[in-house]
Protein chains: 2
Amino acid sequence: MLPFAIVSLLVTVSQGCGRHSGDPDTAVESSYGSLWPLPQEVRFSSLSLKIRGSSFQIWDADESSAGPSCSLLKNAYRRYYEYMFPNERTKGHTNGFADPSELSQLHVWITSSDSECDGYPVVTSDESYELSVNQTYAVLKAPKVWGALRGLETFSQLLYEDEYGARNINLTEISDFPRFQHRGVLLDTSRHFLPIKVILANLEAMAMNKFNVFHWHIVDDPSFPYLSRTFPQLSQMGAYHPYTHVYTPADVKMIIEFARLRGIRVVPEFDTPGHTQSWGKGQKDLLTPCYSGPTPSGTFGPVNPILNTTYDFMNLLFKEISAVFPDPYVHLGGDEVDFKCWKSNPDITKFMEQHSFGEDYSKLESFYIQKLLDIVTSTQKGYMIWQEVFDNGVKLKPDTLIHVWKGNQQQYQNEMAKITLSGYKTFLSTPWYLNRISYGQDWTSLYRADPHNFTGTDEQKKLVIGGEACMWGEYVDSTNLMPRMWPRASAVGERLWSAKDVTDVNDAYSRLSKHRCRMVERGIQAQSLFSSFCRHEYKGI
Amino acid sequence: MLPFAIVSLLVTVSQGCGRHSGDPDTAVESSYGSLWPLPQEVRFSSLSLKIRGSSFQIWDADESSAGPSCSLLKNAYRRYYEYMFPNERTKGHTNGFADPSELSQLHVWITSSDSECDGYPVVTSDESYELSVNQTYAVLKAPKVWGALRGLETFSQLLYEDEYGARNINLTEISDFPRFQHRGVLLDTSRHFLPIKVILANLEAMAMNKFNVFHWHIVDDPSFPYLSRTFPQLSQMGAYHPYTHVYTPADVKMIIEFARLRGIRVVPEFDTPGHTQSWGKGQKDLLTPCYSGPTPSGTFGPVNPILNTTYDFMNLLFKEISAVFPDPYVHLGGDEVDFKCWKSNPDITKFMEQHSFGEDYSKLESFYIQKLLDIVTSTQKGYMIWQEVFDNGVKLKPDTLIHVWKGNQQQYQNEMAKITLSGYKTFLSTPWYLNRISYGQDWTSLYRADPHNFTGTDEQKKLVIGGEACMWGEYVDSTNLMPRMWPRASAVGERLWSAKDVTDVNDAYSRLSKHRCRMVERGIQAQSLFSSFCRHEYKGI
């Protein structure tokens with residue numbers, strides 16, 4: 001395989017700010033070219049074929065259950081054609097004389113009778129595919145369109161340029177499927193508003209890295225940019241700006257469809273009862289009034305769990321959410337509830353007494369969460385929650401997904417063991433807080449974390465559905481999100497997709513360097529791993 | 001003063017990744033609006049005037065020594081007009097009826113007989129100015145065009161929008177000059193090639209922060225992108241790519257002129273004898289052949305100091321450099337010379353014996369550097385060098401500028417004391433390595449460092465000419481340079497421009513938040529300080 005970009009072999013230390021021990025060896029050249037994440041099984045032949053952009057075509061196979069009406073695939077064909085041949089337009093059919101040294105077609109064959117072309121991806125969606133590059137044509141077989149999307153990305157990664165700039169591809173056999181079902185990226189649109197362009201660019205990069213869940217942490221303390229049709233005053237009062245810094249219903253719909261076309265689920269998080277300061281601006285009596293001694297202090301705490309109006313509000317809001325977001329799951333948050341304000345409020349104190357909660361405010365939290373879970377259950381949605389809700393012993397439905405984010409390595413591994421021992425499904429974010437930056441090649445530590453690295457039975461391990469890379473928004477907005485996210489999130493992407501034993505950071509460095517240059521060529525502002533260059537540097541600035 | 005953007009008062013902690021102790025109080029509102037860096041003297045009146053973009057004009061004052069032929073000022077008038085009124089075009093003269101509640105003109109008055117309009121800024125250039133915003137018109141007085149450029153930036157920072165979006169300015173008197181003469185930003189174009197667009201964008205941001213030196217670390221070990229007319233093979237062989245990853249003579253000229261128009265000097269660094277791996281690719285026998293036992297190992301070390309051909313080469317190269325770069329100074333590097341290769345080479349050993357250097361290779365280094373300094377002196381240039389050259393006791397010209405970059409706070413302060421005690425001028429970079437990133441508001445530690453904080457006499461302090469923010473290129477390229485640089489470098493900018501007692505980080509946070517939103521509005525991809533918003537978010541992505 002010829003590399004997409006030659007990584008410089010010159011490794012130097014400048015001004016005391018160079019490489020660190022444990023950094024990958026940049027001189028290693030992967031035998032897997034620029035594949036990222038690495039497929040489960042790859043066999044390359046040394047025989048290469050040429051590809052001509054002007055005549056190359058992506059077709060629905062005759063036997064495919066997805067026909068010309070499947071616009072998801074049509075959009076994907078166009079997208080990958082443009083990625084592979086950015087400066088060309090196909091001229092239509094070839095002249096009919098098959099050149100044995102040339103690959104002229106990719107046939108895409110959806111093998112299951114229901115292609116799911118018009119559906120939404122879900123946690124159980126089949127993303128497997130088989131890709132075979134043979135003399136004169138290539139075949140991509142997948143039970144569902146979701147696998148075809150993954151296979152198209154892989155196919156596009158097989159192309160490389162020879163020294164004349166001609167595109168080549170080697171004869172190849174690939175059989176592939178994800179190791180984990182839930183491979184997510186969290187964006188926080190409350191601490192900073194992210195313009196839609198950024199969200200879309202991020203979804204494009206996610207597809208290039210085979211991520212399949214956009215966890216949309218859409219609201220939080222600082223702002224409420226979700227424009228609710230039922231409660232428009234929430235964003236009217238709670239967004240940074242009521243028109244320019246909100247997501248309208250049309251925006252949300254567009255983002256969901258853009259994600260669907262890339263096989264990505266959109267799971268919204270409406271985090272309560274904490275992290276709701278911005279909610280209180282537009283919804284009177286929703287938050288708990290804090291007291292300073294015998295009088296209200298004028299500040300507010302978490303959602304007020306003792307009023308019926310709270311649950312009426314939540315009922316209507318989550319009814320809307322369940323209709324707006326098609327995914328069968330909603331993320332309900334439940335993290336970091338600060339009890340100080342509740343403790344100060346005499347009405348809460350009285351309520352605690354009436355319910356015999358004693359001094360244990362986690363019981364009050366559980367009281368709230370259980371009522372909320374009932375409300376969400378009534379909308380036919382499943383739910384995800386941050387680990388505290390489990391830690392506090394709230395009664396959960398068996399299919400609840402528990403999101404682990406706390407502690408050091410030992411602690412989160414113990415937590416995963418505990419959760420799965422209780423029979424719950426879980427996914428991991430602790431080692432993948434991408435907002436936390438440090439100097440140097442920190443992608444290697446992201447890469448080395450593994451959600452299965454805890455002490456437990458095979459049955460327990462099966463309850464781990466994946467993980468999420470989180471980009472909290474304190475220090476991130478549209479100016480720096482993309483380079484901070486990519487290619488660091490790519491490390492998480494490979495960990496969650498590829499086989500468990502794909503752990504060689506030197507091999508990964510070689511492939512990831514090329515993959516990041518490919519992302520840059522596709523317009524993604526993905527930063528560099530180390531001193532080196534891309535054939536086409538980012539010029540979007 | 002109304003702020004340009006309201007900083008949210010909601011301060012929250014999310015997922016354990018929030019604020020840190022020592023972070024500024026985001027609730028403080030500066031009485032200095034969005035001024036950055038803070039001028040030496042500012043007096044505001046509470047009386048405000050309106051400004052109409054359609055009729056506002058910037059004029060040369062009748063008494064000004066810079067007339068209509070001064071294109072530097074004309075370019076600046078256009079630039080600042082467009083910054084202040086991005087959506088408008090002036091319609092020409094006002095109707096002659098002066099509205100007392102409106103500011104209609106800014107008169108720019110260069111008071112010295114030589115405006116220096118067609119010259120280059122140098123280290124002694126006068127950047128002082130006085131700005132007076134009176135009823136109906138404003139006057140900007142400066143001895144030289146350089147002060148006028150600084151004053152135009154300040155004037156543009158006085159504008160603010162009222163709640164109807166109308167532009168306002170308060171009656172104001174400002175008297176201003178820089179605390180330090182040398183206020184630099186270092187870019188490294190060797191570890192990653194930076195497209196010209198990025199260098200220009202960075203120069204624009206530098207002007208917005210009153211920086212006046214672009215230290216261009218143009219070549220180093222990984223690549224040699226400088227296209228030399230005398231030795232074109234240096235970039236032909238040593239650049240990452242001989243056409244796409246080089247700076248041609250036309251590029252360099254354009255960058256120098258772009259910088260000059262903003263009052264910014266371009267000081268190139270051609271670092272020797274270490275950091276020269278890329279030089280060796282195009283220049284035979286320039287580098288020292290390293291030996292493995294009795295035979296050459298095939299690798300190369302620093303510049304070979306024992307050959308006459310080395311000095312012939314340097315003589316021709318620095319002759320070219322002195323002609324290409326108009327600044328009276330060249331940075332000669334001299335840092336981090338690794339003696340291992342020299343030690344391995346039998347010819348070097350013999351040379352050491354002949355010169356009675358014993359085992360002291362720093363004497364050989366000094367031998368090289370002294371010959372190089374003689375060569376550079378013969379081109380009529382002064383020189384800057386990294387601190388090691390001073391530390392090694394090389395004989396230096398009295399006007400040598402010594403660049404401090406090593407050690408912890410105690411060590412660099414001792415170094416500054418030692419250098420100035422020896423009577424040399426110096427400037428500081430150690431606390432301002434912006435490539436080194438960490439989580440959170442690290443601009444505050446950049447802001448707290450001060451080049452005068454060492455034990456020494458007033459005479460010694462006077463020898464400190466300023467400092468430089470350095471952005472080494474291991475992990476920085478066109479995808480992430482701008483948000484990583486700005487507004488972090490702004491903290492250094494204020495430290496080097498404003499009075500010594502301007503140290504209140506809460507006040508700075510308030511002004512810098514607005515300043516960064518202003519940079520974003522001007523198209524600079526400057527990242528956020530903390531959870532908040534700009535009226536116009538960056539949409540360049």
# chains A, B, ... in the order shown; residues from 1 in each chain; ligands from 1
$ interface_residues --of "chain B" --to "chain A" --cutoff "6 Å" --atoms "only C-alpha atoms" --output "list in words"
Leu10, Arg191, His192, Pro222, Arg436, Ile437, Ser438, Tyr439, Glu474, Tyr475, Ser478, Thr479, Asn480, Pro483, Gln525, Gln527, Ser528, Phe530, Ser531, Ser532 and Tyr538 of chain B
$ write_last_selection --atoms "N, CA and C atoms" --output "compact mmCIF listing (two decimals), in the first residue's frame"
# COMPACT_ATOMS: atom_id res chain seq x y z
N LEU B 10 -24.03 32.78 34.74
CA LEU B 10 -24.23 31.43 35.26
C LEU B 10 -22.92 30.69 35.23
N ARG B 191 8.08 22.37 11.49
CA ARG B 191 7.48 21.10 11.97
C ARG B 191 6.17 20.83 11.24
N HIS B 192 5.40 21.89 11.01
CA HIS B 192 4.30 21.83 10.06
C HIS B 192 4.40 23.05 9.16
N PRO B 222 12.74 19.29 10.80
CA PRO B 222 11.82 18.50 9.97
C PRO B 222 11.70 18.97 8.53
N ARG B 436 2.33 24.62 24.57
CA ARG B 436 2.04 23.81 25.75
C ARG B 436 0.63 24.14 26.24
N ILE B 437 -0.26 23.19 26.13
CA ILE B 437 -1.64 23.44 26.51
C ILE B 437 -1.99 22.66 27.76
N SER B 438 -2.98 23.14 28.46
CA SER B 438 -3.51 22.39 29.59
C SER B 438 -4.99 22.74 29.71
N TYR B 439 -5.69 21.95 30.52
CA TYR B 439 -7.13 22.14 30.59
C TYR B 439 -7.49 23.37 31.41
N GLU B 474 5.12 21.19 16.76
CA GLU B 474 4.94 19.73 16.80
C GLU B 474 3.48 19.31 16.63
N TYR B 475 2.59 20.02 17.32
CA TYR B 475 1.19 19.61 17.35
C TYR B 475 0.27 20.67 16.77
N SER B 478 -2.30 24.24 10.29
CA SER B 478 -3.33 25.20 9.91
C SER B 478 -4.70 24.85 10.48
N THR B 479 -4.89 23.61 10.94
CA THR B 479 -6.20 23.24 11.48
C THR B 479 -6.45 23.79 12.87
N ASN B 480 -5.39 24.01 13.65
CA ASN B 480 -5.63 24.37 15.05
C ASN B 480 -4.79 25.55 15.55
N PRO B 483 -7.12 29.00 16.88
CA PRO B 483 -7.79 28.95 18.19
C PRO B 483 -6.82 28.66 19.34
N GLN B 525 -10.36 33.14 14.22
CA GLN B 525 -10.88 31.95 14.90
C GLN B 525 -10.31 31.88 16.32
N GLN B 527 -10.62 31.27 20.26
CA GLN B 527 -11.46 30.41 21.09
C GLN B 527 -12.01 31.15 22.30
N SER B 528 -12.93 30.50 22.99
CA SER B 528 -13.61 31.13 24.11
C SER B 528 -12.78 30.97 25.39
N PHE B 530 -14.50 30.81 28.48
CA PHE B 530 -15.33 29.99 29.37
C PHE B 530 -16.75 30.02 28.83
N SER B 531 -17.62 29.18 29.38
CA SER B 531 -19.03 29.12 28.99
C SER B 531 -19.59 30.52 28.78
N SER B 532 -20.10 30.79 27.62
CA SER B 532 -20.60 32.12 27.28
C SER B 532 -20.97 32.11 25.81
N TYR B 538 -18.49 32.19 15.57
CA TYR B 538 -17.64 31.89 14.43
C TYR B 538 -18.35 30.91 13.50
$ select_by_dssp --residues "range 93-229 of chain A" --states "strand (DSSP E or B)" --output "ChimeraX atom specification"
/A:102-103,105-110,129-133,137-142,160-161,167-176,182-188,213-217,226
$ residues_around --residues "range 144-157 of chain B" --least-positions-apart "5" --cutoff "6 Å" --atoms "only C-alpha atoms" --output "PyMOL selection string"
chain B and resi 35+110+115+117+127-129+263
$ write_last_selection --atoms "all heavy atoms" --output "compact mmCIF listing (two decimals), in the first residue's frame"
# COMPACT_ATOMS: atom_id res chain seq x y z
N LEU B 35 -11.58 47.36 25.89
CA LEU B 35 -10.23 47.78 25.52
C LEU B 35 -9.22 46.66 25.80
O LEU B 35 -9.16 46.16 26.92
CB LEU B 35 -9.84 49.05 26.28
CG LEU B 35 -10.48 50.36 25.80
CD1 LEU B 35 -10.16 51.50 26.77
CD2 LEU B 35 -10.03 50.71 24.39
N ILE B 110 -0.34 62.93 11.97
CA ILE B 110 1.04 62.50 12.22
C ILE B 110 1.84 63.77 12.49
O ILE B 110 1.97 64.64 11.63
CB ILE B 110 1.62 61.74 11.02
CG1 ILE B 110 0.69 60.59 10.61
CG2 ILE B 110 3.03 61.23 11.35
CD1 ILE B 110 0.43 59.57 11.67
N SER B 115 6.93 60.98 8.79
CA SER B 115 5.86 60.08 9.26
C SER B 115 6.32 58.62 9.30
O SER B 115 5.69 57.80 9.94
CB SER B 115 4.64 60.19 8.34
OG SER B 115 4.94 59.62 7.08
N CYS B 117 6.06 56.70 6.88
CA CYS B 117 5.00 55.97 6.18
C CYS B 117 5.54 54.87 5.28
O CYS B 117 4.96 53.80 5.17
CB CYS B 117 4.17 56.95 5.35
SG CYS B 117 2.88 56.12 4.43
N GLU B 127 5.68 54.16 18.92
CA GLU B 127 4.31 53.66 18.74
C GLU B 127 3.31 54.43 19.61
O GLU B 127 2.17 53.99 19.77
CB GLU B 127 4.25 52.16 19.09
CG GLU B 127 5.05 51.28 18.15
CD GLU B 127 5.07 49.83 18.61
OE1 GLU B 127 5.76 49.53 19.61
OE2 GLU B 127 4.40 48.99 17.98
N SER B 128 3.75 55.54 20.15
CA SER B 128 2.85 56.28 21.04
C SER B 128 1.79 57.03 20.24
O SER B 128 1.96 57.29 19.04
CB SER B 128 3.67 57.27 21.87
OG SER B 128 4.16 58.31 21.04
N TYR B 129 0.72 57.36 20.90
CA TYR B 129 -0.37 58.11 20.26
C TYR B 129 -1.24 58.75 21.33
O TYR B 129 -1.22 58.34 22.50
CB TYR B 129 -1.21 57.22 19.35
CG TYR B 129 -1.99 56.17 20.11
CD1 TYR B 129 -3.32 56.42 20.52
CD2 TYR B 129 -1.43 54.95 20.44
CE1 TYR B 129 -4.02 55.47 21.25
CE2 TYR B 129 -2.12 54.00 21.16
CZ TYR B 129 -3.42 54.26 21.56
OH TYR B 129 -4.12 53.34 22.29
N GLY B 263 2.43 47.57 11.11
CA GLY B 263 3.43 47.95 12.11
C GLY B 263 4.14 46.78 12.74
O GLY B 263 4.54 46.84 13.91
$ residues_around --residues "Cys70 in chain A" --least-positions-apart "4" --cutoff "10 Å" --atoms "only C-alpha atoms" --output "list in words"
Asp60, Ser65, Ala66, Lys74, Asn75, Ser115, Glu116, Cys117, Asp118 and Val145 of chain A
$ residues_around --residues "Phe258 in chain B" --least-positions-apart "2" --cutoff "12 Å" --atoms "only C-alpha atoms" --output "short mmCIF file (atom, residue, chain, number, x, y, z; two decimals) with all heavy atoms, in the first residue's frame"
data_model
loop_
_atom_site.label_atom_id
_atom_site.label_comp_id
_atom_site.auth_asym_id
_atom_site.auth_seq_id
_atom_site.Cartn_x
_atom_site.Cartn_y
_atom_site.Cartn_z
N LEU B 72 0.04 53.24 3.53
CA LEU B 72 -0.06 52.49 4.79
C LEU B 72 -1.27 52.97 5.59
O LEU B 72 -2.09 52.18 6.07
CB LEU B 72 1.22 52.65 5.60
CG LEU B 72 1.29 51.95 6.96
CD1 LEU B 72 2.69 51.42 7.24
CD2 LEU B 72 0.84 52.84 8.10
N ASN B 75 -4.64 52.17 3.73
CA ASN B 75 -5.03 50.78 3.96
C ASN B 75 -5.60 50.58 5.36
O ASN B 75 -6.56 49.84 5.56
CB ASN B 75 -3.80 49.87 3.79
CG ASN B 75 -3.62 49.43 2.35
OD1 ASN B 75 -4.00 50.15 1.44
ND2 ASN B 75 -3.03 48.26 2.16
N ALA B 76 -5.00 51.27 6.31
CA ALA B 76 -5.47 51.13 7.70
C ALA B 76 -6.85 51.74 7.87
O ALA B 76 -7.70 51.20 8.57
CB ALA B 76 -4.47 51.77 8.65
N TYR B 120 10.11 50.76 7.41
CA TYR B 120 9.79 49.55 8.14
C TYR B 120 9.85 49.85 9.63
O TYR B 120 10.70 50.63 10.07
CB TYR B 120 10.79 48.43 7.81
CG TYR B 120 10.60 47.88 6.42
CD1 TYR B 120 11.34 48.38 5.35
CD2 TYR B 120 9.66 46.89 6.16
CE1 TYR B 120 11.16 47.88 4.07
CE2 TYR B 120 9.46 46.40 4.88
CZ TYR B 120 10.23 46.89 3.84
OH TYR B 120 10.03 46.41 2.58
N ILE B 196 0.11 30.30 3.68
CA ILE B 196 0.26 31.75 3.80
C ILE B 196 -0.98 32.38 4.43
O ILE B 196 -0.87 33.31 5.23
CB ILE B 196 0.56 32.35 2.41
CG1 ILE B 196 1.98 31.93 2.00
CG2 ILE B 196 0.49 33.87 2.43
CD1 ILE B 196 2.27 32.08 0.56
N LYS B 197 -2.15 31.87 4.07
CA LYS B 197 -3.39 32.40 4.67
C LYS B 197 -3.34 32.41 6.19
O LYS B 197 -3.87 33.30 6.84
CB LYS B 197 -4.58 31.52 4.24
CG LYS B 197 -5.22 31.91 2.94
CD LYS B 197 -6.27 30.89 2.53
CE LYS B 197 -7.65 31.28 2.98
NZ LYS B 197 -8.68 30.44 2.31
N ILE B 199 -0.62 32.49 8.12
CA ILE B 199 0.36 33.48 8.58
C ILE B 199 -0.25 34.88 8.51
O ILE B 199 -0.10 35.69 9.43
CB ILE B 199 1.65 33.38 7.74
CG1 ILE B 199 2.31 32.02 7.99
CG2 ILE B 199 2.60 34.53 8.04
CD1 ILE B 199 3.55 31.77 7.14
N LEU B 200 -0.99 35.16 7.45
CA LEU B 200 -1.61 36.48 7.30
C LEU B 200 -2.70 36.68 8.36
O LEU B 200 -2.79 37.75 8.97
CB LEU B 200 -2.18 36.65 5.90
CG LEU B 200 -1.17 36.56 4.73
CD1 LEU B 200 -1.87 36.88 3.41
CD2 LEU B 200 0.03 37.46 4.92
N ALA B 201 -3.52 35.66 8.56
CA ALA B 201 -4.57 35.78 9.58
C ALA B 201 -3.95 36.04 10.95
O ALA B 201 -4.46 36.84 11.75
CB ALA B 201 -5.43 34.51 9.62
N ASN B 202 -2.83 35.37 11.20
CA ASN B 202 -2.16 35.57 12.48
C ASN B 202 -1.59 36.99 12.60
O ASN B 202 -1.64 37.59 13.68
CB ASN B 202 -1.06 34.52 12.65
CG ASN B 202 -0.62 34.41 14.09
OD1 ASN B 202 -1.41 34.08 14.95
ND2 ASN B 202 0.65 34.74 14.33
N LEU B 203 -1.07 37.52 11.52
CA LEU B 203 -0.59 38.91 11.54
C LEU B 203 -1.74 39.88 11.82
O LEU B 203 -1.58 40.86 12.55
CB LEU B 203 0.09 39.26 10.21
CG LEU B 203 1.48 38.62 9.98
CD1 LEU B 203 1.90 38.77 8.52
CD2 LEU B 203 2.53 39.24 10.91
N GLU B 204 -2.90 39.60 11.24
CA GLU B 204 -4.06 40.45 11.51
C GLU B 204 -4.41 40.43 12.99
O GLU B 204 -4.67 41.47 13.61
CB GLU B 204 -5.26 40.00 10.67
CG GLU B 204 -5.08 40.29 9.21
CD GLU B 204 -6.35 40.06 8.40
OE1 GLU B 204 -6.98 39.00 8.59
OE2 GLU B 204 -6.70 40.94 7.59
N MET B 206 -2.42 39.67 15.42
CA MET B 206 -1.34 40.35 16.16
C MET B 206 -1.59 41.86 16.20
O MET B 206 -1.45 42.49 17.25
CB MET B 206 0.01 40.07 15.49
CG MET B 206 0.55 38.66 15.75
SD MET B 206 2.03 38.27 14.76
CE MET B 206 3.23 39.42 15.47
N ALA B 207 -1.99 42.43 15.07
CA ALA B 207 -2.25 43.87 15.04
C ALA B 207 -3.39 44.24 15.97
O ALA B 207 -3.37 45.28 16.62
CB ALA B 207 -2.55 44.31 13.61
N PHE B 214 6.91 39.66 14.34
CA PHE B 214 6.65 38.28 13.92
C PHE B 214 8.01 37.58 13.84
O PHE B 214 8.79 37.84 12.93
CB PHE B 214 5.93 38.26 12.58
CG PHE B 214 5.89 36.91 11.90
CD1 PHE B 214 5.86 35.72 12.62
CD2 PHE B 214 5.85 36.83 10.51
CE1 PHE B 214 5.82 34.49 11.99
CE2 PHE B 214 5.82 35.59 9.87
CZ PHE B 214 5.82 34.42 10.60
N ASP B 251 6.26 35.12 -1.88
CA ASP B 251 5.50 34.90 -0.64
C ASP B 251 6.11 35.69 0.51
O ASP B 251 5.41 36.36 1.28
CB ASP B 251 5.52 33.42 -0.24
CG ASP B 251 4.81 32.53 -1.25
OD1 ASP B 251 3.95 33.04 -2.01
OD2 ASP B 251 5.12 31.32 -1.29
N VAL B 252 7.42 35.57 0.64
CA VAL B 252 8.12 36.22 1.76
C VAL B 252 7.94 37.73 1.68
O VAL B 252 7.64 38.40 2.68
CB VAL B 252 9.62 35.83 1.74
CG1 VAL B 252 10.40 36.65 2.76
CG2 VAL B 252 9.78 34.33 2.01
N LYS B 253 8.10 38.26 0.46
CA LYS B 253 7.95 39.70 0.25
C LYS B 253 6.55 40.15 0.65
O LYS B 253 6.36 41.19 1.29
CB LYS B 253 8.19 39.98 -1.24
CG LYS B 253 8.78 41.33 -1.53
CD LYS B 253 9.25 41.37 -2.98
CE LYS B 253 9.58 42.81 -3.37
NZ LYS B 253 10.15 42.88 -4.72
N MET B 254 5.58 39.37 0.24
CA MET B 254 4.19 39.73 0.52
C MET B 254 3.91 39.70 2.01
O MET B 254 3.25 40.58 2.55
CB MET B 254 3.28 38.75 -0.22
CG MET B 254 1.87 39.22 -0.38
SD MET B 254 0.88 38.37 0.79
CE MET B 254 0.56 36.86 -0.11
N ILE B 255 4.43 38.69 2.68
CA ILE B 255 4.23 38.59 4.14
C ILE B 255 4.89 39.77 4.85
O ILE B 255 4.31 40.36 5.77
CB ILE B 255 4.77 37.23 4.64
CG1 ILE B 255 3.82 36.11 4.21
CG2 ILE B 255 4.98 37.23 6.16
CD1 ILE B 255 4.37 34.71 4.37
N ILE B 256 6.09 40.14 4.40
CA ILE B 256 6.79 41.28 5.03
C ILE B 256 5.99 42.57 4.83
O ILE B 256 5.85 43.38 5.76
CB ILE B 256 8.21 41.41 4.45
CG1 ILE B 256 9.07 40.23 4.90
CG2 ILE B 256 8.85 42.74 4.86
CD1 ILE B 256 10.41 40.12 4.18
N ARG B 260 4.31 44.92 7.58
CA ARG B 260 4.70 46.33 7.66
C ARG B 260 3.46 47.22 7.74
O ARG B 260 3.41 48.17 8.53
CB ARG B 260 5.53 46.71 6.43
CG ARG B 260 6.11 48.13 6.47
CD ARG B 260 6.74 48.53 5.14
NE ARG B 260 5.77 48.97 4.15
CZ ARG B 260 5.25 50.21 4.08
NH1 ARG B 260 5.62 51.14 4.94
NH2 ARG B 260 4.36 50.51 3.16
N LEU B 261 2.46 46.90 6.92
CA LEU B 261 1.24 47.71 6.90
C LEU B 261 0.53 47.68 8.25
O LEU B 261 -0.34 48.50 8.52
CB LEU B 261 0.29 47.22 5.80
CG LEU B 261 0.75 47.49 4.36
CD1 LEU B 261 -0.19 46.82 3.37
CD2 LEU B 261 0.81 48.99 4.09
N ARG B 262 0.89 46.73 9.08
CA ARG B 262 0.30 46.62 10.42
C ARG B 262 1.31 46.97 11.52
O ARG B 262 1.08 46.68 12.70
CB ARG B 262 -0.25 45.20 10.61
CG ARG B 262 -1.55 44.99 9.83
CD ARG B 262 -1.81 43.56 9.44
NE ARG B 262 -3.02 43.48 8.62
CZ ARG B 262 -3.06 43.75 7.31
NH1 ARG B 262 -1.97 44.11 6.65
NH2 ARG B 262 -4.21 43.68 6.65
N GLY B 263 2.43 47.57 11.11
CA GLY B 263 3.43 47.95 12.11
C GLY B 263 4.14 46.78 12.74
O GLY B 263 4.54 46.84 13.91
N ILE B 264 4.27 45.69 12.00
CA ILE B 264 4.87 44.47 12.55
C ILE B 264 6.17 44.16 11.80
O ILE B 264 6.20 44.14 10.57
CB ILE B 264 3.89 43.28 12.43
CG1 ILE B 264 2.62 43.57 13.25
CG2 ILE B 264 4.55 41.98 12.87
CD1 ILE B 264 1.50 42.57 13.04
N ARG B 265 7.21 43.95 12.58
CA ARG B 265 8.49 43.55 12.02
C ARG B 265 8.48 42.05 11.73
O ARG B 265 7.84 41.28 12.45
CB ARG B 265 9.62 43.85 13.00
CG ARG B 265 9.71 45.30 13.43
CD ARG B 265 10.47 45.45 14.73
NE ARG B 265 11.79 44.84 14.63
CZ ARG B 265 12.53 44.47 15.67
NH1 ARG B 265 12.07 44.63 16.91
NH2 ARG B 265 13.70 43.92 15.50
N VAL B 266 9.23 41.64 10.72
CA VAL B 266 9.41 40.22 10.45
C VAL B 266 10.87 39.88 10.70
O VAL B 266 11.75 40.34 9.98
CB VAL B 266 9.01 39.84 9.01
CG1 VAL B 266 9.26 38.35 8.77
CG2 VAL B 266 7.55 40.19 8.76
#
$ residues_around --residues "range 360-377 of chain A" --least-positions-apart "6" --cutoff "7 Å" --atoms "only C-alpha atoms" --output "list in words"
Pro305, Asn315, Phe318, Phe339, Asn392, Val394 and Lys395 of chain A
$ write_last_selection --atoms "C-alpha atoms" --output "short mmCIF file (atom, residue, chain, number, x, y, z; two decimals), in the first residue's frame"
data_model
loop_
_atom_site.label_atom_id
_atom_site.label_comp_id
_atom_site.auth_asym_id
_atom_site.auth_seq_id
_atom_site.Cartn_x
_atom_site.Cartn_y
_atom_site.Cartn_z
CA PRO A 305 -39.52 17.61 43.28
CA ASN A 315 -45.11 15.05 31.24
CA PHE A 318 -41.21 14.62 27.41
CA PHE A 339 -28.56 18.98 47.85
CA ASN A 392 -28.30 6.05 44.44
CA VAL A 394 -33.22 4.28 42.05
CA LYS A 395 -35.48 1.54 40.75
#
$ residues_around --residues "Met237 in chain B" --least-positions-apart "6" --cutoff "12 Å" --atoms "only C-alpha atoms" --output "list of chain:residue names"
B:Pro222, B:Ser223, B:Phe224, B:Pro225, B:Tyr226, B:Leu227, B:Ser228, B:Phe231, B:Tyr243, B:His245, B:Val246, B:Gln277, B:Ser278, B:Trp279, B:Gly280, B:Lys281, B:Gly282, B:Gln283, B:Lys284
$ write_last_selection --atoms "C-alpha atoms" --output "compact mmCIF listing (two decimals), in the first residue's frame"
# COMPACT_ATOMS: atom_id res chain seq x y z
CA PRO B 222 11.82 18.50 9.97
CA SER B 223 11.62 20.72 6.88
CA PHE B 224 13.20 23.65 5.06
CA PRO B 225 10.34 25.57 3.43
CA TYR B 226 12.36 28.75 2.70
CA LEU B 227 13.04 28.92 -1.03
CA SER B 228 16.53 30.38 -1.26
CA PHE B 231 20.62 27.65 -2.71
CA TYR B 243 6.32 23.32 -4.66
CA HIS B 245 5.19 23.36 0.96
CA VAL B 246 7.63 26.23 0.35
CA GLN B 277 18.63 18.12 9.70
CA SER B 278 16.54 19.38 6.79
CA TRP B 279 19.42 21.61 5.60
CA GLY B 280 21.60 18.58 5.00
CA LYS B 281 19.32 17.12 2.38
CA GLY B 282 20.07 19.81 -0.16
CA GLN B 283 23.58 20.89 0.90
CA LYS B 284 26.27 18.24 0.72
